[in-house]
Amino acid sequence: MNANGSGIESAERALESLDRGALLLTGATGLVGEALIPLLRVAHPRRPIVALTRNPATFDAVGVLAIRADLSLPGLGLSTGMRALLRDRVTQIVHSAADIRFRITVEESRQTNVAGTQEMLALAAECKHLERFLQVSTIYAAGKTPGTIYEEPLDGRAGFVNAYQQTKNEAEALVLEAMGRIPAAIARLSSLIGASSGRVHQFNYFHQTIKAIPWNPLPAIPADPTAIIDMAASDWTGRDLHYLYDHCF
């Protein structure tokens, strides 16, 4: 369901009707959000789920209240009344929204990945009854760092291949700094390439590369034949992420 029909007032009324204990989700239309929503609803059918999205009119997930917001705007573009209701109703936050484009500048990427994370952390700090904040990150936040990447802060000294890697690293640093004030955790995911059934409904750089093969743009692609290609199915990743969120936070 969405709360876009008759403007801010209807959205506030819809949120006001929810019980305290709501889970706030960003990135609900992405591969991670789409995989998580049904799992969250089955595991906790009485827990309200609120999704922040730029276009609530096009969002349709059973049992989810969609509210207009923009991560790149100050205060997420939320009204004062809406923000006050979220502070009172929300006890859990899963921040999975990100700008995954590679061919943009660092400044453009920061608008969502860094500034957006900062705004979500600010909202989390205001929530009166916050129990947990999960930042969905990526293994590529390690950038050019070679070798085994451990579950520890990344310094970024090895540099980055693109703006996405750099800004996800910077977003992690914000969450790490906030851990002294809010109950937060970071989950680094691999590249999601579709469901384990083979169904693909959101295309990323991997699929674009596959599509280019028939064109034969290069006689050969330089690569290490012994390298491990780290990719994962969205439904498999969603199940594991949900388990970690519910049981290991």
# chains A, B, ... in the order shown; residues from 1 in each chain; ligands from 1
>>> select_by_dssp(residues="range 119-211 of chain A", states="alpha helix (DSSP H)", output="number ranges by chain")
A: 119-126, 163-178, 205-211
>>> residues_around(residues="Ser17 in chain A", least_positions_apart="4", cutoff="12 Å", atoms="only C-alpha atoms", output="VMD selection string")
chain A and resid 10 to 13 22 48 65 85 to 86 88 to 89
>>> write_last_selection(atoms="all heavy atoms", output="mmCIF file, in the first residue's frame")
data_model
loop_
_atom_site.group_PDB
_atom_site.id
_atom_site.type_symbol
_atom_site.label_atom_id
_atom_site.label_comp_id
_atom_site.auth_asym_id
_atom_site.auth_seq_id
_atom_site.Cartn_x
_atom_site.Cartn_y
_atom_site.Cartn_z
ATOM 1 N N SER A 10 -2.389 12.480 4.292
ATOM 2 C CA SER A 10 -2.810 11.080 4.276
ATOM 3 C C SER A 10 -1.671 10.168 4.712
ATOM 4 O O SER A 10 -1.892 9.146 5.375
ATOM 5 C CB SER A 10 -3.298 10.682 2.882
ATOM 6 O OG SER A 10 -2.256 10.738 1.937
ATOM 7 N N ALA A 11 -0.452 10.525 4.344
ATOM 8 C CA ALA A 11 0.708 9.734 4.749
ATOM 9 C C ALA A 11 0.874 9.780 6.266
ATOM 10 O O ALA A 11 1.140 8.757 6.908
ATOM 11 C CB ALA A 11 1.965 10.252 4.069
ATOM 12 N N GLU A 12 0.701 10.958 6.835
ATOM 13 C CA GLU A 12 0.828 11.083 8.283
ATOM 14 C C GLU A 12 -0.269 10.316 9.013
ATOM 15 O O GLU A 12 -0.031 9.687 10.041
ATOM 16 C CB GLU A 12 0.817 12.563 8.682
ATOM 17 C CG GLU A 12 2.062 13.319 8.231
ATOM 18 C CD GLU A 12 2.063 14.760 8.701
ATOM 19 O OE1 GLU A 12 1.083 15.178 9.360
ATOM 20 O OE2 GLU A 12 3.038 15.481 8.400
ATOM 21 N N ARG A 13 -1.487 10.356 8.468
ATOM 22 C CA ARG A 13 -2.585 9.608 9.096
ATOM 23 C C ARG A 13 -2.318 8.108 9.053
ATOM 24 O O ARG A 13 -2.568 7.387 10.020
ATOM 25 C CB ARG A 13 -3.907 9.934 8.401
ATOM 26 C CG ARG A 13 -4.464 11.310 8.728
ATOM 27 C CD ARG A 13 -5.928 11.407 8.335
ATOM 28 N NE ARG A 13 -6.109 11.192 6.903
ATOM 29 C CZ ARG A 13 -6.067 12.175 5.990
ATOM 30 N NH1 ARG A 13 -5.833 13.421 6.378
ATOM 31 N NH2 ARG A 13 -6.261 11.901 4.708
ATOM 32 N N ALA A 22 7.632 -0.316 14.620
ATOM 33 C CA ALA A 22 7.742 -0.418 13.159
ATOM 34 C C ALA A 22 9.190 -0.572 12.718
ATOM 35 O O ALA A 22 10.126 -0.086 13.365
ATOM 36 C CB ALA A 22 7.129 0.818 12.501
ATOM 37 N N PRO A 48 4.798 -3.609 11.961
ATOM 38 C CA PRO A 48 4.572 -2.730 10.799
ATOM 39 C C PRO A 48 5.880 -2.497 10.050
ATOM 40 O O PRO A 48 6.951 -2.398 10.654
ATOM 41 C CB PRO A 48 4.069 -1.427 11.436
ATOM 42 C CG PRO A 48 3.663 -1.789 12.831
ATOM 43 C CD PRO A 48 4.543 -2.914 13.239
ATOM 44 N N LEU A 65 3.784 0.022 4.293
ATOM 45 C CA LEU A 65 3.373 1.412 4.102
ATOM 46 C C LEU A 65 4.503 2.178 3.427
ATOM 47 O O LEU A 65 5.597 2.310 3.983
ATOM 48 C CB LEU A 65 3.046 2.053 5.451
ATOM 49 C CG LEU A 65 2.756 3.564 5.432
ATOM 50 C CD1 LEU A 65 1.524 3.863 4.598
ATOM 51 C CD2 LEU A 65 2.592 4.095 6.852
ATOM 52 N N LEU A 85 6.443 11.413 13.832
ATOM 53 C CA LEU A 85 5.766 10.126 13.921
ATOM 54 C C LEU A 85 6.751 8.974 13.770
ATOM 55 O O LEU A 85 6.661 7.963 14.472
ATOM 56 C CB LEU A 85 4.671 10.035 12.862
ATOM 57 C CG LEU A 85 3.436 10.896 13.112
ATOM 58 C CD1 LEU A 85 2.564 10.956 11.858
ATOM 59 C CD2 LEU A 85 2.624 10.342 14.287
ATOM 60 N N LEU A 86 7.695 9.111 12.852
ATOM 61 C CA LEU A 86 8.708 8.075 12.675
ATOM 62 C C LEU A 86 9.553 7.923 13.933
ATOM 63 O O LEU A 86 9.873 6.800 14.354
ATOM 64 C CB LEU A 86 9.605 8.398 11.477
ATOM 65 C CG LEU A 86 8.967 8.265 10.093
ATOM 66 C CD1 LEU A 86 9.909 8.788 9.016
ATOM 67 C CD2 LEU A 86 8.594 6.816 9.795
ATOM 68 N N ASP A 88 8.691 8.265 16.884
ATOM 69 C CA ASP A 88 7.918 7.598 17.936
ATOM 70 C C ASP A 88 7.583 6.154 17.581
ATOM 71 O O ASP A 88 7.537 5.289 18.448
ATOM 72 C CB ASP A 88 6.617 8.361 18.194
ATOM 73 C CG ASP A 88 5.824 7.735 19.323
ATOM 74 O OD1 ASP A 88 6.317 7.736 20.469
ATOM 75 O OD2 ASP A 88 4.716 7.226 19.057
ATOM 76 N N ARG A 89 7.352 5.875 16.286
ATOM 77 C CA ARG A 89 6.882 4.552 15.877
ATOM 78 C C ARG A 89 8.004 3.569 15.564
ATOM 79 O O ARG A 89 7.869 2.372 15.788
ATOM 80 C CB ARG A 89 5.978 4.660 14.637
ATOM 81 C CG ARG A 89 4.735 5.525 14.803
ATOM 82 C CD ARG A 89 3.773 4.931 15.822
ATOM 83 N NE ARG A 89 2.455 5.539 15.750
ATOM 84 C CZ ARG A 89 2.103 6.660 16.362
ATOM 85 N NH1 ARG A 89 2.996 7.312 17.100
ATOM 86 N NH2 ARG A 89 0.868 7.135 16.248
#
>>> closest_atom_pairs(of="range 65-153 of chain A", to="range 29-35 of chain A", cutoff="9 Å", atoms="only C-alpha atoms", output="JSON lines")
{"residue": "A:Val94", "atom": "CA", "partner": "A:Gly33", "partner_atom": "CA", "distance": 8.9}
{"residue": "A:Ser96", "atom": "CA", "partner": "A:Gly33", "partner_atom": "CA", "distance": 6.9}
{"residue": "A:Ala97", "atom": "CA", "partner": "A:Gly30", "partner_atom": "CA", "distance": 7.4}
{"residue": "A:Val136", "atom": "CA", "partner": "A:Val32", "partner_atom": "CA", "distance": 8.7}
>>> select_by_dssp(residues="range 45-204 of chain A", states="strand (DSSP E)", output="short mmCIF file (atom, residue, chain, number, x, y, z; two decimals) with all heavy atoms, in the first residue's frame")
data_model
loop_
_atom_site.label_atom_id
_atom_site.label_comp_id
_atom_site.auth_asym_id
_atom_site.auth_seq_id
_atom_site.Cartn_x
_atom_site.Cartn_y
_atom_site.Cartn_z
N ILE A 49 5.79 -2.42 8.73
CA ILE A 49 6.95 -2.12 7.90
C ILE A 49 6.66 -0.84 7.13
O ILE A 49 5.63 -0.71 6.48
CB ILE A 49 7.27 -3.26 6.92
CG1 ILE A 49 7.59 -4.55 7.68
CG2 ILE A 49 8.44 -2.89 6.02
CD1 ILE A 49 7.84 -5.74 6.77
N VAL A 50 7.57 0.11 7.22
CA VAL A 50 7.44 1.39 6.52
C VAL A 50 8.61 1.51 5.55
O VAL A 50 9.77 1.36 5.94
CB VAL A 50 7.46 2.58 7.51
CG1 VAL A 50 7.33 3.89 6.75
CG2 VAL A 50 6.36 2.43 8.55
N ALA A 51 8.31 1.75 4.29
CA ALA A 51 9.34 1.89 3.26
C ALA A 51 9.45 3.34 2.82
O ALA A 51 8.44 3.97 2.48
CB ALA A 51 9.01 1.00 2.06
N LEU A 52 10.65 3.86 2.83
CA LEU A 52 10.90 5.19 2.29
C LEU A 52 11.27 5.05 0.82
O LEU A 52 12.19 4.32 0.46
CB LEU A 52 12.06 5.87 3.05
CG LEU A 52 11.86 6.12 4.55
CD1 LEU A 52 13.04 6.91 5.11
CD2 LEU A 52 10.55 6.85 4.82
N THR A 53 10.54 5.73 -0.04
CA THR A 53 10.77 5.61 -1.47
C THR A 53 10.46 6.93 -2.16
O THR A 53 9.65 7.73 -1.68
CB THR A 53 9.88 4.49 -2.07
OG1 THR A 53 10.07 4.44 -3.48
CG2 THR A 53 8.42 4.72 -1.75
N VAL A 64 3.01 -3.28 3.52
CA VAL A 64 4.08 -2.30 3.67
C VAL A 64 3.53 -0.91 3.39
O VAL A 64 2.87 -0.68 2.37
CB VAL A 64 5.26 -2.59 2.73
CG1 VAL A 64 6.36 -1.54 2.89
CG2 VAL A 64 5.82 -3.98 2.99
N LEU A 65 3.78 0.02 4.29
CA LEU A 65 3.37 1.41 4.10
C LEU A 65 4.50 2.18 3.43
O LEU A 65 5.60 2.31 3.98
CB LEU A 65 3.05 2.05 5.45
CG LEU A 65 2.76 3.56 5.43
CD1 LEU A 65 1.52 3.86 4.60
CD2 LEU A 65 2.59 4.10 6.85
N ALA A 66 4.26 2.65 2.22
CA ALA A 66 5.27 3.39 1.45
C ALA A 66 5.08 4.89 1.65
O ALA A 66 3.98 5.41 1.49
CB ALA A 66 5.19 3.03 -0.02
N ILE A 67 6.16 5.56 1.99
CA ILE A 67 6.13 7.00 2.25
C ILE A 67 7.18 7.69 1.38
O ILE A 67 8.30 7.20 1.23
CB ILE A 67 6.42 7.28 3.74
CG1 ILE A 67 5.27 6.75 4.60
CG2 ILE A 67 6.63 8.76 3.99
CD1 ILE A 67 5.52 6.87 6.08
N ARG A 68 6.79 8.84 0.83
CA ARG A 68 7.71 9.58 -0.03
C ARG A 68 8.87 10.16 0.78
O ARG A 68 8.67 10.82 1.80
CB ARG A 68 6.98 10.71 -0.74
CG ARG A 68 7.89 11.51 -1.69
CD ARG A 68 7.15 12.70 -2.29
NE ARG A 68 6.01 12.27 -3.07
CZ ARG A 68 6.09 11.83 -4.33
NH1 ARG A 68 7.27 11.74 -4.93
NH2 ARG A 68 5.01 11.46 -4.98
N VAL A 90 9.12 4.06 15.04
CA VAL A 90 10.17 3.18 14.51
C VAL A 90 11.09 2.68 15.62
O VAL A 90 11.60 3.47 16.43
CB VAL A 90 10.99 3.91 13.43
CG1 VAL A 90 12.23 3.10 13.04
CG2 VAL A 90 10.12 4.17 12.20
N THR A 91 11.30 1.36 15.64
CA THR A 91 12.25 0.77 16.58
C THR A 91 13.40 0.06 15.86
O THR A 91 14.39 -0.29 16.49
CB THR A 91 11.56 -0.23 17.52
OG1 THR A 91 10.96 -1.27 16.74
CG2 THR A 91 10.49 0.46 18.35
N GLN A 92 13.24 -0.18 14.55
CA GLN A 92 14.28 -0.86 13.78
C GLN A 92 14.42 -0.20 12.41
O GLN A 92 13.43 0.25 11.83
CB GLN A 92 13.94 -2.34 13.62
CG GLN A 92 13.75 -3.08 14.94
CD GLN A 92 13.57 -4.56 14.76
OE1 GLN A 92 14.06 -5.14 13.79
NE2 GLN A 92 12.86 -5.19 15.68
N ILE A 93 15.67 -0.15 11.93
CA ILE A 93 15.93 0.46 10.63
C ILE A 93 16.86 -0.44 9.83
O ILE A 93 17.90 -0.90 10.33
CB ILE A 93 16.58 1.85 10.78
CG1 ILE A 93 15.64 2.82 11.51
CG2 ILE A 93 16.98 2.41 9.42
CD1 ILE A 93 16.25 4.18 11.79
N VAL A 94 16.48 -0.70 8.58
CA VAL A 94 17.35 -1.40 7.63
C VAL A 94 17.60 -0.44 6.46
O VAL A 94 16.66 -0.11 5.72
CB VAL A 94 16.73 -2.71 7.11
CG1 VAL A 94 17.64 -3.34 6.07
CG2 VAL A 94 16.49 -3.68 8.26
N HIS A 95 18.83 0.01 6.34
CA HIS A 95 19.17 0.98 5.30
C HIS A 95 19.91 0.26 4.17
O HIS A 95 21.11 0.00 4.26
CB HIS A 95 20.05 2.08 5.90
CG HIS A 95 20.50 3.11 4.90
ND1 HIS A 95 19.69 3.57 3.88
CD2 HIS A 95 21.69 3.77 4.76
CE1 HIS A 95 20.35 4.47 3.17
NE2 HIS A 95 21.57 4.59 3.68
N ARG A 132 17.74 -1.37 16.76
CA ARG A 132 18.81 -1.77 15.87
C ARG A 132 18.77 -0.97 14.57
O ARG A 132 17.71 -0.56 14.12
CB ARG A 132 18.74 -3.27 15.56
CG ARG A 132 17.47 -3.71 14.86
CD ARG A 132 17.39 -5.22 14.70
NE ARG A 132 17.17 -5.89 15.96
CZ ARG A 132 17.03 -7.21 16.10
NH1 ARG A 132 17.14 -7.99 15.05
NH2 ARG A 132 16.80 -7.75 17.26
N PHE A 133 19.96 -0.77 14.01
CA PHE A 133 20.14 -0.08 12.73
C PHE A 133 21.10 -0.93 11.91
O PHE A 133 22.24 -1.15 12.31
CB PHE A 133 20.73 1.31 12.94
CG PHE A 133 21.00 2.09 11.67
CD1 PHE A 133 20.14 3.09 11.26
CD2 PHE A 133 22.13 1.83 10.90
CE1 PHE A 133 20.39 3.82 10.10
CE2 PHE A 133 22.39 2.54 9.73
CZ PHE A 133 21.51 3.54 9.33
N LEU A 134 20.64 -1.42 10.77
CA LEU A 134 21.49 -2.23 9.90
C LEU A 134 21.84 -1.45 8.65
O LEU A 134 20.96 -1.03 7.90
CB LEU A 134 20.78 -3.53 9.52
CG LEU A 134 21.56 -4.44 8.56
CD1 LEU A 134 22.84 -4.93 9.21
CD2 LEU A 134 20.71 -5.62 8.09
N GLN A 135 23.13 -1.29 8.42
CA GLN A 135 23.63 -0.67 7.20
C GLN A 135 23.99 -1.79 6.23
O GLN A 135 24.88 -2.60 6.50
CB GLN A 135 24.87 0.18 7.51
CG GLN A 135 25.61 0.70 6.29
CD GLN A 135 24.94 1.90 5.66
OE1 GLN A 135 23.96 2.43 6.20
NE2 GLN A 135 25.48 2.37 4.55
N VAL A 136 23.30 -1.86 5.10
CA VAL A 136 23.62 -2.86 4.09
C VAL A 136 24.71 -2.29 3.19
O VAL A 136 24.48 -1.34 2.45
CB VAL A 136 22.38 -3.24 3.26
CG1 VAL A 136 22.75 -4.25 2.19
CG2 VAL A 136 21.29 -3.80 4.18
N SER A 137 25.90 -2.88 3.29
CA SER A 137 27.05 -2.40 2.53
C SER A 137 27.46 -3.45 1.51
O SER A 137 26.67 -4.32 1.14
CB SER A 137 28.20 -2.06 3.49
OG SER A 137 29.25 -1.40 2.81
N THR A 138 28.68 -3.39 1.05
CA THR A 138 29.16 -4.27 -0.01
C THR A 138 30.60 -4.68 0.26
O THR A 138 31.37 -3.93 0.86
CB THR A 138 29.08 -3.55 -1.38
OG1 THR A 138 29.74 -4.34 -2.37
CG2 THR A 138 29.76 -2.19 -1.32
N ALA A 184 24.10 -0.24 16.09
CA ALA A 184 24.24 -0.36 14.64
C ALA A 184 25.14 -1.53 14.26
O ALA A 184 26.00 -1.96 15.03
CB ALA A 184 24.80 0.93 14.05
N ALA A 185 24.94 -2.04 13.05
CA ALA A 185 25.76 -3.10 12.48
C ALA A 185 25.86 -2.89 10.99
O ALA A 185 25.03 -2.20 10.38
CB ALA A 185 25.18 -4.48 12.79
N ILE A 186 26.89 -3.49 10.38
CA ILE A 186 27.13 -3.38 8.94
C ILE A 186 27.17 -4.77 8.34
O ILE A 186 27.83 -5.66 8.88
CB ILE A 186 28.45 -2.65 8.65
CG1 ILE A 186 28.41 -1.21 9.19
CG2 ILE A 186 28.76 -2.65 7.15
CD1 ILE A 186 29.76 -0.50 9.14
N ALA A 187 26.46 -4.96 7.24
CA ALA A 187 26.50 -6.23 6.51
C ALA A 187 27.05 -5.97 5.11
O ALA A 187 26.50 -5.15 4.37
CB ALA A 187 25.11 -6.85 6.42
N ARG A 188 28.14 -6.64 4.76
CA ARG A 188 28.75 -6.47 3.44
C ARG A 188 28.30 -7.60 2.52
O ARG A 188 28.61 -8.76 2.77
CB ARG A 188 30.28 -6.45 3.55
CG ARG A 188 30.83 -5.26 4.31
CD ARG A 188 32.32 -5.36 4.46
NE ARG A 188 32.85 -4.24 5.25
CZ ARG A 188 33.90 -4.33 6.06
NH1 ARG A 188 34.54 -5.48 6.17
NH2 ARG A 188 34.30 -3.28 6.74
N LEU A 189 27.59 -7.26 1.47
CA LEU A 189 27.07 -8.25 0.55
C LEU A 189 27.92 -8.35 -0.71
O LEU A 189 28.65 -7.42 -1.06
CB LEU A 189 25.64 -7.90 0.15
CG LEU A 189 24.64 -7.65 1.29
CD1 LEU A 189 23.24 -7.46 0.71
CD2 LEU A 189 24.66 -8.77 2.31
N SER A 191 28.01 -9.31 -5.03
CA SER A 191 27.23 -8.86 -6.18
C SER A 191 26.01 -9.75 -6.35
O SER A 191 26.13 -10.97 -6.43
CB SER A 191 28.06 -8.94 -7.47
OG SER A 191 29.12 -8.03 -7.43
N LEU A 192 24.84 -9.15 -6.38
CA LEU A 192 23.61 -9.90 -6.58
C LEU A 192 23.25 -9.89 -8.06
O LEU A 192 23.18 -8.83 -8.69
CB LEU A 192 22.47 -9.27 -5.76
CG LEU A 192 22.74 -9.13 -4.26
CD1 LEU A 192 21.50 -8.63 -3.54
CD2 LEU A 192 23.23 -10.43 -3.65
#
>>> closest_residue(among="A:Gln202, A:Gln118, A:Ser196, A:Gln165", to="Met231 in chain A", atoms="only C-alpha atoms")
A:Ser196
>>> closest_residue(among="A:Met82, A:Thr226, A:Glu152, A:Glu170", to="Ala14 in chain A", atoms="only C-alpha atoms")
A:Met82
>>> atom_distance(atom1="CA of Arg239 in chain A", atom2="CA of Ser109 in chain A")
28.1 Å
>>> decode(residues="range 117-128 of chain A", atoms="all heavy atoms", output="PDB file, in the first residue's frame")
ATOM      1  N   THR A 117      23.138   8.200   3.950  1.00  0.00           N
ATOM      2  CA  THR A 117      23.436   7.432   5.164  1.00  0.00           C
ATOM      3  C   THR A 117      23.512   8.353   6.370  1.00  0.00           C
ATOM      4  O   THR A 117      23.026   8.013   7.459  1.00  0.00           O
ATOM      5  CB  THR A 117      24.758   6.663   4.995  1.00  0.00           C
ATOM      6  OG1 THR A 117      24.618   5.717   3.922  1.00  0.00           O
ATOM      7  CG2 THR A 117      25.127   5.919   6.269  1.00  0.00           C
ATOM      8  N   GLN A 118      24.103   9.524   6.183  1.00  0.00           N
ATOM      9  CA  GLN A 118      24.172  10.498   7.276  1.00  0.00           C
ATOM     10  C   GLN A 118      22.775  10.902   7.730  1.00  0.00           C
ATOM     11  O   GLN A 118      22.504  11.013   8.938  1.00  0.00           O
ATOM     12  CB  GLN A 118      24.948  11.734   6.819  1.00  0.00           C
ATOM     13  CG  GLN A 118      25.187  12.773   7.918  1.00  0.00           C
ATOM     14  CD  GLN A 118      26.237  12.314   8.907  1.00  0.00           C
ATOM     15  OE1 GLN A 118      27.424  12.271   8.609  1.00  0.00           O
ATOM     16  NE2 GLN A 118      25.807  11.962  10.113  1.00  0.00           N
ATOM     17  N   GLU A 119      21.878  11.106   6.788  1.00  0.00           N
ATOM     18  CA  GLU A 119      20.498  11.474   7.130  1.00  0.00           C
ATOM     19  C   GLU A 119      19.783  10.337   7.854  1.00  0.00           C
ATOM     20  O   GLU A 119      19.029  10.566   8.806  1.00  0.00           O
ATOM     21  CB  GLU A 119      19.727  11.862   5.866  1.00  0.00           C
ATOM     22  CG  GLU A 119      20.170  13.167   5.223  1.00  0.00           C
ATOM     23  CD  GLU A 119      19.821  14.383   6.076  1.00  0.00           C
ATOM     24  OE1 GLU A 119      19.020  14.246   7.035  1.00  0.00           O
ATOM     25  OE2 GLU A 119      20.351  15.463   5.779  1.00  0.00           O
ATOM     26  N   MET A 120      20.006   9.101   7.418  1.00  0.00           N
ATOM     27  CA  MET A 120      19.375   7.959   8.078  1.00  0.00           C
ATOM     28  C   MET A 120      19.913   7.776   9.495  1.00  0.00           C
ATOM     29  O   MET A 120      19.167   7.440  10.419  1.00  0.00           O
ATOM     30  CB  MET A 120      19.600   6.692   7.258  1.00  0.00           C
ATOM     31  CG  MET A 120      18.839   6.648   5.941  1.00  0.00           C
ATOM     32  SD  MET A 120      17.036   6.799   6.149  1.00  0.00           S
ATOM     33  CE  MET A 120      16.678   5.347   7.145  1.00  0.00           C
ATOM     34  N   LEU A 121      21.198   8.007   9.680  1.00  0.00           N
ATOM     35  CA  LEU A 121      21.783   7.918  11.027  1.00  0.00           C
ATOM     36  C   LEU A 121      21.242   9.017  11.934  1.00  0.00           C
ATOM     37  O   LEU A 121      21.009   8.793  13.129  1.00  0.00           O
ATOM     38  CB  LEU A 121      23.305   8.003  10.939  1.00  0.00           C
ATOM     39  CG  LEU A 121      24.010   6.782  10.350  1.00  0.00           C
ATOM     40  CD1 LEU A 121      25.483   7.101  10.074  1.00  0.00           C
ATOM     41  CD2 LEU A 121      23.901   5.583  11.287  1.00  0.00           C
ATOM     42  N   ALA A 122      21.030  10.198  11.368  1.00  0.00           N
ATOM     43  CA  ALA A 122      20.466  11.295  12.156  1.00  0.00           C
ATOM     44  C   ALA A 122      19.056  10.958  12.604  1.00  0.00           C
ATOM     45  O   ALA A 122      18.677  11.209  13.760  1.00  0.00           O
ATOM     46  CB  ALA A 122      20.478  12.582  11.328  1.00  0.00           C
ATOM     47  N   LEU A 123      18.273  10.383  11.702  1.00  0.00           N
ATOM     48  CA  LEU A 123      16.923   9.972  12.066  1.00  0.00           C
ATOM     49  C   LEU A 123      16.967   8.868  13.111  1.00  0.00           C
ATOM     50  O   LEU A 123      16.194   8.879  14.073  1.00  0.00           O
ATOM     51  CB  LEU A 123      16.169   9.492  10.825  1.00  0.00           C
ATOM     52  CG  LEU A 123      14.749   8.951  11.065  1.00  0.00           C
ATOM     53  CD1 LEU A 123      13.850  10.019  11.688  1.00  0.00           C
ATOM     54  CD2 LEU A 123      14.146   8.436   9.755  1.00  0.00           C
ATOM     55  N   ALA A 124      17.870   7.919  12.933  1.00  0.00           N
ATOM     56  CA  ALA A 124      18.007   6.820  13.896  1.00  0.00           C
ATOM     57  C   ALA A 124      18.328   7.341  15.289  1.00  0.00           C
ATOM     58  O   ALA A 124      17.790   6.856  16.299  1.00  0.00           O
ATOM     59  CB  ALA A 124      19.085   5.849  13.430  1.00  0.00           C
ATOM     60  N   ALA A 125      19.206   8.343  15.360  1.00  0.00           N
ATOM     61  CA  ALA A 125      19.585   8.908  16.649  1.00  0.00           C
ATOM     62  C   ALA A 125      18.417   9.601  17.336  1.00  0.00           C
ATOM     63  O   ALA A 125      18.381   9.716  18.564  1.00  0.00           O
ATOM     64  CB  ALA A 125      20.748   9.884  16.465  1.00  0.00           C
ATOM     65  N   GLU A 126      17.437  10.050  16.541  1.00  0.00           N
ATOM     66  CA  GLU A 126      16.267  10.726  17.101  1.00  0.00           C
ATOM     67  C   GLU A 126      15.187   9.754  17.559  1.00  0.00           C
ATOM     68  O   GLU A 126      14.312  10.127  18.351  1.00  0.00           O
ATOM     69  CB  GLU A 126      15.665  11.670  16.050  1.00  0.00           C
ATOM     70  CG  GLU A 126      16.588  12.809  15.633  1.00  0.00           C
ATOM     71  CD  GLU A 126      16.014  13.592  14.468  1.00  0.00           C
ATOM     72  OE1 GLU A 126      14.822  13.377  14.132  1.00  0.00           O
ATOM     73  OE2 GLU A 126      16.750  14.401  13.875  1.00  0.00           O
ATOM     74  N   CYS A 127      15.219   8.514  17.033  1.00  0.00           N
ATOM     75  CA  CYS A 127      14.179   7.546  17.377  1.00  0.00           C
ATOM     76  C   CYS A 127      14.238   7.207  18.862  1.00  0.00           C
ATOM     77  O   CYS A 127      15.281   6.799  19.382  1.00  0.00           O
ATOM     78  CB  CYS A 127      14.338   6.282  16.527  1.00  0.00           C
ATOM     79  SG  CYS A 127      13.934   6.524  14.787  1.00  0.00           S
ATOM     80  N   LYS A 128      13.124   7.355  19.534  1.00  0.00           N
ATOM     81  CA  LYS A 128      13.089   7.236  20.992  1.00  0.00           C
ATOM     82  C   LYS A 128      13.280   5.809  21.479  1.00  0.00           C
ATOM     83  O   LYS A 128      13.725   5.593  22.617  1.00  0.00           O
ATOM     84  CB  LYS A 128      11.753   7.778  21.508  1.00  0.00           C
ATOM     85  CG  LYS A 128      11.462   9.209  21.112  1.00  0.00           C
ATOM     86  CD  LYS A 128      10.048   9.608  21.533  1.00  0.00           C
ATOM     87  CE  LYS A 128       9.694  10.998  21.070  1.00  0.00           C
ATOM     88  NZ  LYS A 128       8.296  11.373  21.414  1.00  0.00           N
TER      89      LYS A 128
END
